[in-house]
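Novice: Input structure: upload.cif, which contains mmCIF, C-alpha atoms.
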data_upload
#
loop_
_atom_site.label_atom_id
_atom_site.label_comp_id
_atom_site.auth_asym_id
_atom_site.auth_seq_id
_atom_site.Cartn_x
_atom_site.Cartn_y
_atom_site.Cartn_z
CA MET A 1 10.57 -17.99 -17.69
CA LEU A 2 11.77 -14.97 -15.71
CA ARG A 3 12.53 -15.71 -12.09
CA PHE A 4 13.24 -13.24 -9.28
CA ARG A 5 15.58 -14.08 -6.45
CA PRO A 6 14.40 -13.20 -2.93
CA ALA A 7 16.96 -10.40 -2.68
CA TRP A 8 15.76 -8.81 -5.92
CA CYS A 9 12.12 -9.16 -4.87
CA PHE A 10 12.90 -7.38 -1.63
CA MET A 11 14.69 -4.57 -3.48
CA LEU A 12 11.78 -4.16 -5.89
CA TRP A 13 9.33 -4.05 -2.97
CA LEU A 14 11.54 -1.51 -1.20
CA CYS A 15 11.66 0.74 -4.29
CA ALA A 16 7.88 0.56 -4.72
CA ALA A 17 7.33 1.37 -1.05
CA SER A 18 9.77 4.26 -1.32
CA LEU A 19 7.92 5.69 -4.33
CA LEU A 20 4.58 5.46 -2.51
CA LEU A 21 6.04 7.09 0.59
CA THR A 22 7.64 9.85 -1.46
CA SER A 23 4.35 10.50 -3.24
CA ASP A 24 2.44 10.63 0.04
CA THR A 25 5.06 12.88 1.63
CA ALA A 26 4.90 15.24 -1.33
CA ALA A 27 1.14 15.48 -0.94
CA GLN A 28 1.46 16.13 2.77
CA SER A 29 4.27 18.66 2.72
CA GLY A 30 4.23 19.99 -0.82
CA SER A 31 2.89 23.37 -1.79
CA SER A 32 0.31 22.36 -4.37
CA ILE A 33 -1.78 19.64 -5.97
CA ARG A 34 -2.83 19.65 -9.62
CA VAL A 35 -6.59 20.11 -10.04
CA ARG A 36 -8.87 20.67 -13.03
CA LEU A 37 -11.10 23.73 -13.20
CA ALA A 38 -14.55 23.44 -11.67
CA ASP A 39 -17.25 23.41 -14.33
CA GLY A 40 -19.78 25.10 -12.06
CA PHE A 41 -21.20 24.98 -8.54
CA ASP A 42 -24.31 23.40 -7.02
CA TYR A 43 -25.86 23.42 -3.57
CA PRO A 44 -24.39 21.00 -1.01
CA VAL A 45 -27.79 19.59 -0.04
CA GLY A 46 -30.66 18.29 -2.18
CA LYS A 47 -28.37 18.40 -5.21
CA PRO A 48 -28.28 20.25 -7.40
CA ASP A 49 -30.85 22.86 -6.30
CA ALA A 50 -31.30 22.26 -2.55
CA ALA A 51 -34.65 20.50 -3.11
CA GLY A 52 -36.13 19.41 0.20
CA TYR A 53 -34.08 21.84 2.29
CA TYR A 54 -34.37 25.41 3.50
CA LYS A 55 -31.84 28.00 4.62
CA ALA A 56 -32.45 28.47 8.34
CA ARG A 57 -29.76 31.11 8.79
CA GLY A 58 -28.21 33.23 6.09
CA TYR A 59 -24.88 34.95 5.60
CA TRP A 60 -24.17 38.28 7.30
CA PRO A 61 -20.76 40.03 7.45
CA ASN A 62 -19.57 40.48 11.04
CA GLY A 63 -22.23 38.03 12.11
CA HIS A 64 -23.00 34.64 10.63
CA LEU A 65 -20.23 33.89 8.12
CA GLY A 66 -22.02 31.15 6.24
CA GLU A 67 -25.40 29.50 5.82
CA ASP A 68 -27.22 26.90 7.92
CA TRP A 69 -29.23 24.38 5.88
CA ASN A 70 -32.00 22.23 7.34
CA GLY A 71 -34.28 19.56 5.94
CA ASP A 72 -37.91 20.44 5.29
CA GLY A 73 -38.94 17.69 7.71
CA GLY A 74 -37.87 19.83 10.67
CA GLY A 75 -36.32 18.83 13.96
CA ASP A 76 -33.52 16.31 13.58
CA SER A 77 -35.23 14.46 10.74
CA ASP A 78 -32.28 15.32 8.47
CA LEU A 79 -29.71 13.50 10.63
CA GLY A 80 -27.41 11.51 8.36
CA ASP A 81 -28.59 13.20 5.15
CA PRO A 82 -25.97 13.32 2.38
CA ILE A 83 -23.76 16.38 1.99
CA TYR A 84 -22.18 16.97 -1.41
CA ALA A 85 -19.15 18.90 -2.69
CA MET A 86 -20.42 22.08 -4.30
CA GLY A 87 -17.91 21.69 -7.13
CA ARG A 88 -14.79 19.94 -8.37
CA GLY A 89 -11.78 20.46 -6.12
CA VAL A 90 -9.34 18.96 -3.65
CA VAL A 91 -9.93 18.18 0.04
CA ILE A 92 -7.62 20.39 2.10
CA PHE A 93 -9.04 19.52 5.53
CA SER A 94 -10.89 16.48 6.90
CA GLN A 95 -10.91 16.23 10.66
CA ASN A 96 -12.99 16.23 13.82
CA ILE A 97 -11.68 19.10 15.94
CA GLY A 98 -14.56 19.14 18.43
CA VAL A 99 -15.40 22.48 20.12
CA GLY A 100 -17.91 24.45 18.04
CA TRP A 101 -16.91 22.80 14.77
CA GLY A 102 -17.07 19.02 15.15
CA ASN A 103 -16.46 17.01 11.97
CA CYS A 104 -15.39 19.39 9.20
CA ILE A 105 -14.46 19.16 5.53
CA LEU A 106 -12.75 21.91 3.54
CA VAL A 107 -12.58 21.66 -0.25
CA ARG A 108 -10.51 24.04 -2.37
CA HIS A 109 -11.82 24.88 -5.83
CA VAL A 110 -10.07 26.50 -8.79
CA PHE A 111 -12.33 27.99 -11.46
CA ARG A 112 -12.50 30.45 -14.32
CA GLU A 113 -14.56 33.56 -13.68
CA GLN A 114 -16.78 34.87 -16.45
CA ASP A 115 -14.22 37.58 -17.21
CA GLY A 116 -11.55 34.91 -17.79
CA ARG A 117 -9.69 35.27 -14.50
CA ILE A 118 -8.60 32.12 -12.68
CA ALA A 119 -9.74 32.23 -9.06
CA MET A 120 -9.91 29.93 -6.03
CA VAL A 121 -12.28 29.54 -3.09
CA ASP A 122 -12.63 27.20 -0.14
CA SER A 123 -15.96 25.59 0.72
CA LEU A 124 -16.52 24.43 4.31
CA TYR A 125 -18.97 21.75 5.50
CA ALA A 126 -19.26 21.64 9.30
CA HIS A 127 -20.98 19.72 12.14
CA LEU A 128 -20.99 16.55 10.04
CA GLN A 129 -22.10 13.25 11.48
CA GLU A 130 -19.55 11.46 9.28
CA ARG A 131 -16.73 12.51 6.94
CA LYS A 132 -16.59 10.56 3.69
CA VAL A 133 -13.43 11.97 2.08
CA ARG A 134 -9.76 12.03 3.02
CA LEU A 135 -7.16 14.80 3.09
CA HIS A 136 -5.88 15.68 -0.42
CA GLU A 137 -8.53 13.55 -2.14
CA LEU A 138 -9.75 14.93 -5.46
CA VAL A 139 -13.53 15.31 -5.56
CA GLU A 140 -16.13 16.07 -8.21
CA LYS A 141 -19.20 18.28 -8.10
CA GLY A 142 -22.01 16.46 -6.34
CA GLN A 143 -19.71 13.86 -4.76
CA LEU A 144 -20.64 12.70 -1.27
CA VAL A 145 -18.27 14.31 1.25
CA GLY A 146 -20.14 13.71 4.51
CA THR A 147 -23.46 13.31 6.27
CA MET A 148 -25.44 15.91 8.18
CA GLY A 149 -25.07 16.09 11.95
CA GLY A 150 -25.29 18.45 14.89
CA ASN A 151 -21.81 18.23 16.42
CA ASN A 152 -22.80 15.34 18.70
CA GLY A 153 -25.89 17.08 20.06
CA MET A 154 -24.33 20.52 20.58
CA TYR A 155 -26.66 21.89 17.88
CA ALA A 156 -29.91 20.89 16.30
CA VAL A 157 -29.01 18.90 13.19
CA HIS A 158 -28.04 21.10 10.24
CA LEU A 159 -25.23 21.82 7.78
CA HIS A 160 -23.09 24.89 8.39
CA PHE A 161 -21.77 25.90 4.96
CA GLU A 162 -19.23 28.62 4.11
CA VAL A 163 -17.51 29.88 0.96
CA ARG A 164 -14.23 31.68 1.62
CA LYS A 165 -12.21 34.03 -0.59
CA ASN A 166 -9.22 33.95 1.77
CA LEU A 167 -7.35 30.65 1.45
CA HIS A 168 -5.47 31.09 4.74
CA ILE A 169 -8.42 30.98 7.14
CA GLY A 170 -8.58 27.23 7.71
CA MET A 171 -10.16 26.55 11.10
CA ASN A 172 -9.01 29.79 12.73
CA ARG A 173 -11.75 32.23 11.72
CA SER A 174 -11.19 34.69 14.56
CA SER A 175 -7.76 35.58 13.14
CA PHE A 176 -9.35 37.19 10.08
CA ALA A 177 -11.77 40.01 9.37
CA ARG A 178 -15.33 38.72 9.60
CA ASP A 179 -16.59 40.44 6.48
CA SER A 180 -16.95 40.14 2.72
CA SER A 181 -13.26 40.82 2.16
CA ASN A 182 -12.74 37.20 3.28
CA TYR A 183 -16.10 35.51 2.67
CA HIS A 184 -18.72 35.10 -0.04
CA SER A 185 -22.42 34.81 0.54
CA PRO A 186 -22.68 31.12 -0.44
CA THR A 187 -26.05 31.49 -2.17
CA ALA A 188 -24.95 34.54 -4.15
CA PHE A 189 -21.66 32.86 -5.09
CA ILE A 190 -23.33 29.69 -6.35
CA ASN A 191 -26.19 31.38 -8.19
CA VAL A 192 -23.94 33.33 -10.56
CA ARG A 193 -21.58 30.37 -11.17
CA ARG A 194 -23.89 27.43 -11.81
CA VAL A 195 -22.17 26.72 -15.13
CA LEU A 196 -18.54 27.66 -15.85
CA SER A 197 -16.13 26.96 -18.68
CA SER A 198 -13.65 24.18 -17.97
CA SER A 199 -11.05 22.06 -19.76
CA MET A 200 -8.74 19.09 -19.22
CA GLN A 201 -5.94 21.43 -18.17
CA LYS A 202 -4.85 21.20 -14.53
CA TYR A 203 -3.79 24.04 -12.27
CA ASP A 204 -1.57 24.13 -9.20
CA VAL A 205 -3.78 24.47 -6.12
CA PRO A 206 -1.95 25.35 -2.88
CA VAL A 207 -2.44 23.02 0.09
CA ASN A 208 -1.22 23.02 3.70
CA ASN A 209 -1.21 26.81 3.75
CA PHE A 210 -3.13 27.45 6.96
CA ALA A 211 -2.47 26.69 10.60
CA PRO A 212 -4.00 23.82 12.59
CA TYR A 213 -6.86 24.85 14.84
CA GLY A 214 -5.75 27.12 17.69
CA ARG A 215 -2.19 27.55 16.40
CA SER A 216 -0.26 29.88 14.13
CA LEU A 217 1.62 28.71 11.04
CA ALA A 218 4.92 29.65 12.71
CA ASP A 219 4.04 27.60 15.78
CA ALA A 220 2.86 24.65 13.69
CA GLY A 221 6.21 24.59 11.90
CA SER A 222 8.07 24.10 15.15
CA GLY A 223 6.72 20.59 15.70
CA GLY A 224 4.30 21.76 18.35
CA SER A 225 6.97 22.51 20.96
CA ARG A 226 6.33 26.23 21.18
CA SER A 227 3.64 27.77 23.33
CA ALA A 228 4.24 31.47 22.69
CA GLY A 229 2.20 33.10 19.95
CA VAL A 230 -0.40 30.35 19.79
CA ASP A 231 -3.50 31.71 18.10
CA VAL A 232 -6.38 30.50 20.26
CA PRO A 233 -9.64 31.94 18.91
CA ALA A 234 -11.72 33.83 21.42
CA PHE A 235 -15.35 32.91 21.93
CA SER A 236 -18.16 35.23 21.02
CA ALA A 237 -21.81 34.36 20.78
CA SER A 238 -21.99 35.69 17.24
CA ASN A 239 -19.53 33.17 15.86
CA ALA A 240 -20.75 30.24 17.92
CA VAL A 241 -24.30 30.10 16.62
CA GLY A 242 -24.48 27.65 13.77
CA GLY A 243 -20.85 26.65 14.11
CA GLY A 244 -17.56 28.27 14.78
CA ASP A 245 -14.15 28.34 16.39
CA ALA A 246 -15.37 28.69 19.95
CA ALA A 247 -12.73 28.06 22.60
CA ALA A 248 -15.38 28.26 25.31
CA GLN A 249 -19.08 27.54 25.34
CA PRO A 250 -22.05 29.74 26.29
CA SER A 251 -24.65 28.83 28.88
CA ASP A 252 -27.02 25.88 28.67
CA ASP A 253 -29.85 28.39 28.39
CA PHE A 254 -28.29 29.78 25.19
CA TRP A 255 -28.15 26.32 23.62
CA SER A 256 -31.70 25.56 24.70
CA ARG A 257 -33.00 28.69 22.95
CA LEU A 258 -30.94 27.99 19.84
CA LYS A 259 -32.09 24.37 19.57
CA ALA A 260 -35.71 25.40 20.09
CA LYS A 261 -35.49 27.94 17.27
CA MET A 262 -33.90 25.52 14.83
CA ARG A 263 -36.20 22.62 15.66
CA GLY A 264 -39.15 24.94 15.29
CA GLY A 265 -38.05 25.81 11.77
CA GLU A 266 -37.44 29.47 12.56
CA VAL A 267 -35.66 31.24 9.69
CA THR A 268 -33.07 34.01 10.07
CA PRO A 269 -32.60 35.57 6.61
CA GLY A 270 -29.17 36.61 5.45
CA LEU A 271 -27.70 39.20 3.13
CA ASP A 272 -28.94 37.21 0.15
CA ASP A 273 -31.93 35.09 1.11
CA LYS A 274 -33.18 34.35 -2.38
CA ARG A 275 -32.29 31.20 -4.28
#
What is this file in structure tokens?
Specialist:
Amino acid sequence: MLRFRPAWCFMLWLCAASLLLTSDTAAQSGSSIRVRLADGFDYPVGKPDAAGYYKARGYWPNGHLGEDWNGDGGGDSDLGDPIYAMGRGVVIFSQNIGVGWGNCILVRHVFREQDGRIAMVDSLYAHLQERKVRLHELVEKGQLVGTMGGNNGMYAVHLHFEVRKNLHIGMNRSSFARDSSNYHSPTAFINVRRVLSSSMQKYDVPVNNFAPYGRSLADAGSGGSRSAGVDVPAFSASNAVGGGDAAAQPSDDFWSRLKAKMRGGEVTPGLDDKR
């Protein structure tokens, strides 16, 4: 019978702990995580086809950079409803940063376009009541990532949903052009990629390649000791409605009008308002 002395047991435990720590550190500070290709994309509510939900606000370049999804029941009847990953990918952000964002999840997806090119996008799920996935967790299409909220009462309950071409945006939208050079219309993106070719092969997906909220990458790398060059997004009403990187907040009257519109089921069509 094989017996381990206390000293050997301690050394084995130490080696195992070291391996786990090394693995975790690599995930935190490394440049990439291996991910399989997405096999297609579905809607993040009422999976797979957004059944039971409507698009209250659509995507417009230089205006609303995503889509706001509400339950057909109106008001805050959709509070706590499940929010799903639109496709296979890796969680690159899971945090409550408050301000105009609240609880947010970012998932990075690698996929094969119909012309054979390998491409990547980030999907953002904002104003969540709860986050159900952790940083660097691998997720599958239709997996629960959070529940619908309203940023602790700042908004009427809804999901703010974005699909980004630019992988460096993170939570600092005001540092980038607010147009289709950086963003997809989520509905248009999903509709032409419902089914995609996939395989068991894995691809290197970059992680940790954008700055924390309100900071630049250079500043973030200094351990937070620098104050010069901090990228603090400026507030504008256009990026605050339905979620955004607002450093300040508009008047109570603004929020009252917004909440009344959303609770009344008012629809603001976007660039592509057909599903």
Novice: Can you tell me, as a VMD selection string, what residues are no more than 8 Å from range 139-155 of chain A when counting all atoms listed in the file, ignoring any on the same chain fewer than 2 positions away?
Specialist: chain A and resid 38 40 to 42 44 47 to 48 78 to 91 98 100 to 103 105 127 to 133 137 157 to 159 242 255 258 to 259
Novice: Rank A:Ile118, A:Leu106, A:Ala156, A:Leu138 by their smallest atom-to-atom distance to Gly170 in chain A, using all atoms listed in the file, and report the top residue only.
Specialist: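 Using all atoms listed in the file, Gly170 in chain A sits closest to A:Leu106.
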Novice: What would the selection look like, as an MDAnalysis selection string, if the PyMOL selection byres ((chain A and resi 196) around 8) were run on the coordinates I just shared?
Specialist: chainID A and resid 38:40 111:114 193:195 197:198
Novice: Tell me which of A:Leu65, A:Leu167, A:Val192, A:Ala126 sits closest to Leu271 in chain A, counting only C-alpha atoms.
Specialist: A:Leu65
Novice: If the PyMOL selection byres ((chain A and resi 67) around 10) were run on this exact file, what residues would it hold? Put them as a PyMOL selection string.
Specialist: chain A and resi 55-60+64-66+68-70+158-163+185-187+242-243+268-270+273
Novice: Could you tell me how far CA of Gly73 in chain A sits from CA of Tyr53 in chain A, in Å to one decimal place?
Specialist: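 Separation of CA of Tyr53 in chain A and CA of Gly73 in chain A: 8.4 Å.
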Novice: Separation of CA of Ser32 in chain A and CA of Asp204 in chain A, in Å?
Specialist: 5.5 Å
Novice: For the atom pair CA of His184 in chain A and CA of Ser123 in chain A, what is the interatomic distance in Å to one decimal place?
Specialist: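 About the pair CA of His184 in chain A and CA of Ser123 in chain A: they are 9.9 Å apart.
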Novice: Nearest to Tyr213 in chain A among A:Ile33, A:Val107, A:Ile190, A:Ile97, with distances taken over all atoms listed in the file: which residue is it?
Specialist: A:Ile97
Novice: Which residue gives the smallest distance to Asn172 in chain A among A:Met120, A:Ala211, A:Met200, A:Val205, with all atoms listed in the file counted?
Specialist: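 Of A:Met120, A:Ala211, A:Met200, A:Val205, the one nearest Asn172 in chain A is A:Ala211, counting all atoms listed in the file.
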Novice: Taking into account all atoms listed in the file, which residue in the set A:Lys165, A:Arg178, A:Arg36, A:His136 is nearest to Asn208 in chain A?
Specialist: A:His136
Novice: Name the closest residue to Leu135 in chain A among the candidates A:Asp72, A:Asn166, A:Gln201, A:Val207; distances are taken between atoms, counting only C-alpha atoms.
Specialist: A:Val207
Novice: Any chance you could build range 43-78 of chain A out to N, CA and C atoms and write it as a JSON list (two decimals), in the coordinates of the input?
Specialist:
[["chain", "number", "residue", "atom", "x", "y", "z"],
["A", 43, "TYR", "N", -25.64, 23.38, -5.01],
["A", 43, "TYR", "CA", -25.86, 23.42, -3.57],
["A", 43, "TYR", "C", -25.41, 22.11, -2.91],
["A", 44, "PRO", "N", -24.94, 22.19, -1.68],
["A", 44, "PRO", "CA", -24.39, 21.00, -1.01],
["A", 44, "PRO", "C", -25.44, 20.06, -0.44],
["A", 45, "VAL", "N", -26.69, 20.45, -0.49],
["A", 45, "VAL", "CA", -27.79, 19.59, -0.04],
["A", 45, "VAL", "C", -28.84, 19.53, -1.14],
["A", 46, "GLY", "N", -29.59, 18.42, -1.19],
["A", 46, "GLY", "CA", -30.66, 18.29, -2.18],
["A", 46, "GLY", "C", -30.18, 18.59, -3.58],
["A", 47, "LYS", "N", -29.02, 18.02, -3.94],
["A", 47, "LYS", "CA", -28.37, 18.40, -5.21],
["A", 47, "LYS", "C", -29.31, 18.22, -6.41],
["A", 48, "PRO", "N", -29.21, 19.13, -7.37],
["A", 48, "PRO", "CA", -28.28, 20.25, -7.40],
["A", 48, "PRO", "C", -28.85, 21.58, -6.87],
["A", 49, "ASP", "N", -30.17, 21.59, -6.57],
["A", 49, "ASP", "CA", -30.85, 22.86, -6.30],
["A", 49, "ASP", "C", -31.39, 23.01, -4.89],
["A", 50, "ALA", "N", -30.87, 22.20, -3.95],
["A", 50, "ALA", "CA", -31.30, 22.26, -2.55],
["A", 50, "ALA", "C", -32.76, 21.86, -2.37],
["A", 51, "ALA", "N", -33.26, 20.97, -3.23],
["A", 51, "ALA", "CA", -34.65, 20.50, -3.11],
["A", 51, "ALA", "C", -34.82, 19.73, -1.81],
["A", 52, "GLY", "N", -35.86, 20.08, -1.05],
["A", 52, "GLY", "CA", -36.13, 19.41, 0.20],
["A", 52, "GLY", "C", -35.46, 20.03, 1.41],
["A", 53, "TYR", "N", -34.80, 21.17, 1.20],
["A", 53, "TYR", "CA", -34.08, 21.84, 2.29],
["A", 53, "TYR", "C", -34.38, 23.33, 2.28],
["A", 54, "TYR", "N", -34.20, 23.97, 3.42],
["A", 54, "TYR", "CA", -34.37, 25.41, 3.50],
["A", 54, "TYR", "C", -33.19, 26.01, 4.26],
["A", 55, "LYS", "N", -32.96, 27.28, 4.00],
["A", 55, "LYS", "CA", -31.84, 28.00, 4.62],
["A", 55, "LYS", "C", -32.35, 28.61, 5.92],
["A", 56, "ALA", "N", -31.97, 28.00, 7.05],
["A", 56, "ALA", "CA", -32.45, 28.47, 8.34],
["A", 56, "ALA", "C", -31.76, 29.74, 8.79],
["A", 57, "ARG", "N", -30.50, 29.88, 8.46],
["A", 57, "ARG", "CA", -29.76, 31.11, 8.79],
["A", 57, "ARG", "C", -28.91, 31.49, 7.60],
["A", 58, "GLY", "N", -28.96, 32.76, 7.23],
["A", 58, "GLY", "CA", -28.21, 33.23, 6.09],
["A", 58, "GLY", "C", -26.87, 33.83, 6.46],
["A", 59, "TYR", "N", -26.20, 34.35, 5.45],
["A", 59, "TYR", "CA", -24.88, 34.95, 5.60],
["A", 59, "TYR", "C", -25.00, 36.44, 5.93],
["A", 60, "TRP", "N", -24.29, 36.87, 6.97],
["A", 60, "TRP", "CA", -24.17, 38.28, 7.30],
["A", 60, "TRP", "C", -22.74, 38.61, 7.68],
["A", 61, "PRO", "N", -22.10, 39.61, 7.02],
["A", 61, "PRO", "CA", -20.76, 40.03, 7.45],
["A", 61, "PRO", "C", -20.78, 40.46, 8.91],
["A", 62, "ASN", "N", -19.71, 40.15, 9.62],
["A", 62, "ASN", "CA", -19.57, 40.48, 11.04],
["A", 62, "ASN", "C", -20.65, 39.82, 11.90],
["A", 63, "GLY", "N", -21.23, 38.78, 11.37],
["A", 63, "GLY", "CA", -22.23, 38.03, 12.11],
["A", 63, "GLY", "C", -22.10, 36.55, 11.80],
["A", 64, "HIS", "N", -23.02, 36.05, 11.02],
["A", 64, "HIS", "CA", -23.00, 34.64, 10.63],
["A", 64, "HIS", "C", -22.27, 34.52, 9.29],
["A", 65, "LEU", "N", -21.13, 33.84, 9.27],
["A", 65, "LEU", "CA", -20.23, 33.89, 8.12],
["A", 65, "LEU", "C", -20.51, 32.81, 7.07],
["A", 66, "GLY", "N", -21.63, 32.15, 7.21],
["A", 66, "GLY", "CA", -22.02, 31.15, 6.24],
["A", 66, "GLY", "C", -23.52, 30.99, 6.23],
["A", 67, "GLU", "N", -23.98, 29.80, 5.85],
["A", 67, "GLU", "CA", -25.40, 29.50, 5.82],
["A", 67, "GLU", "C", -25.66, 28.19, 6.56],
["A", 68, "ASP", "N", -26.80, 28.13, 7.26],
["A", 68, "ASP", "CA", -27.22, 26.90, 7.92],
["A", 68, "ASP", "C", -28.39, 26.30, 7.14],
["A", 69, "TRP", "N", -28.22, 25.05, 6.69],
["A", 69, "TRP", "CA", -29.23, 24.38, 5.88],
["A", 69, "TRP", "C", -29.88, 23.26, 6.68],
["A", 70, "ASN", "N", -31.21, 23.23, 6.64],
["A", 70, "ASN", "CA", -32.00, 22.23, 7.34],
["A", 70, "ASN", "C", -32.94, 21.52, 6.38],
["A", 71, "GLY", "N", -33.30, 20.29, 6.73],
["A", 71, "GLY", "CA", -34.28, 19.56, 5.94],
["A", 71, "GLY", "C", -35.69, 20.06, 6.19],
["A", 72, "ASP", "N", -36.53, 19.97, 5.17],
["A", 72, "ASP", "CA", -37.91, 20.44, 5.29],
["A", 72, "ASP", "C", -38.70, 19.68, 6.35],
["A", 73, "GLY", "N", -38.23, 18.48, 6.73],
["A", 73, "GLY", "CA", -38.94, 17.69, 7.71],
["A", 73, "GLY", "C", -38.90, 18.25, 9.12],
["A", 74, "GLY", "N", -37.96, 19.19, 9.37],
["A", 74, "GLY", "CA", -37.87, 19.83, 10.67],
["A", 74, "GLY", "C", -37.21, 18.94, 11.71],
["A", 75, "GLY", "N", -36.96, 19.55, 12.87],
["A", 75, "GLY", "CA", -36.32, 18.83, 13.96],
["A", 75, "GLY", "C", -35.00, 18.24, 13.53],
["A", 76, "ASP", "N", -34.74, 17.00, 13.98],
["A", 76, "ASP", "CA", -33.52, 16.31, 13.58],
["A", 76, "ASP", "C", -33.80, 15.25, 12.54],
["A", 77, "SER", "N", -34.85, 15.44, 11.76],
["A", 77, "SER", "CA", -35.23, 14.46, 10.74],
["A", 77, "SER", "C", -34.19, 14.34, 9.64],
["A", 78, "ASP", "N", -33.30, 15.34, 9.52],
["A", 78, "ASP", "CA", -32.28, 15.32, 8.47],
["A", 78, "ASP", "C", -30.96, 14.72, 8.94]]
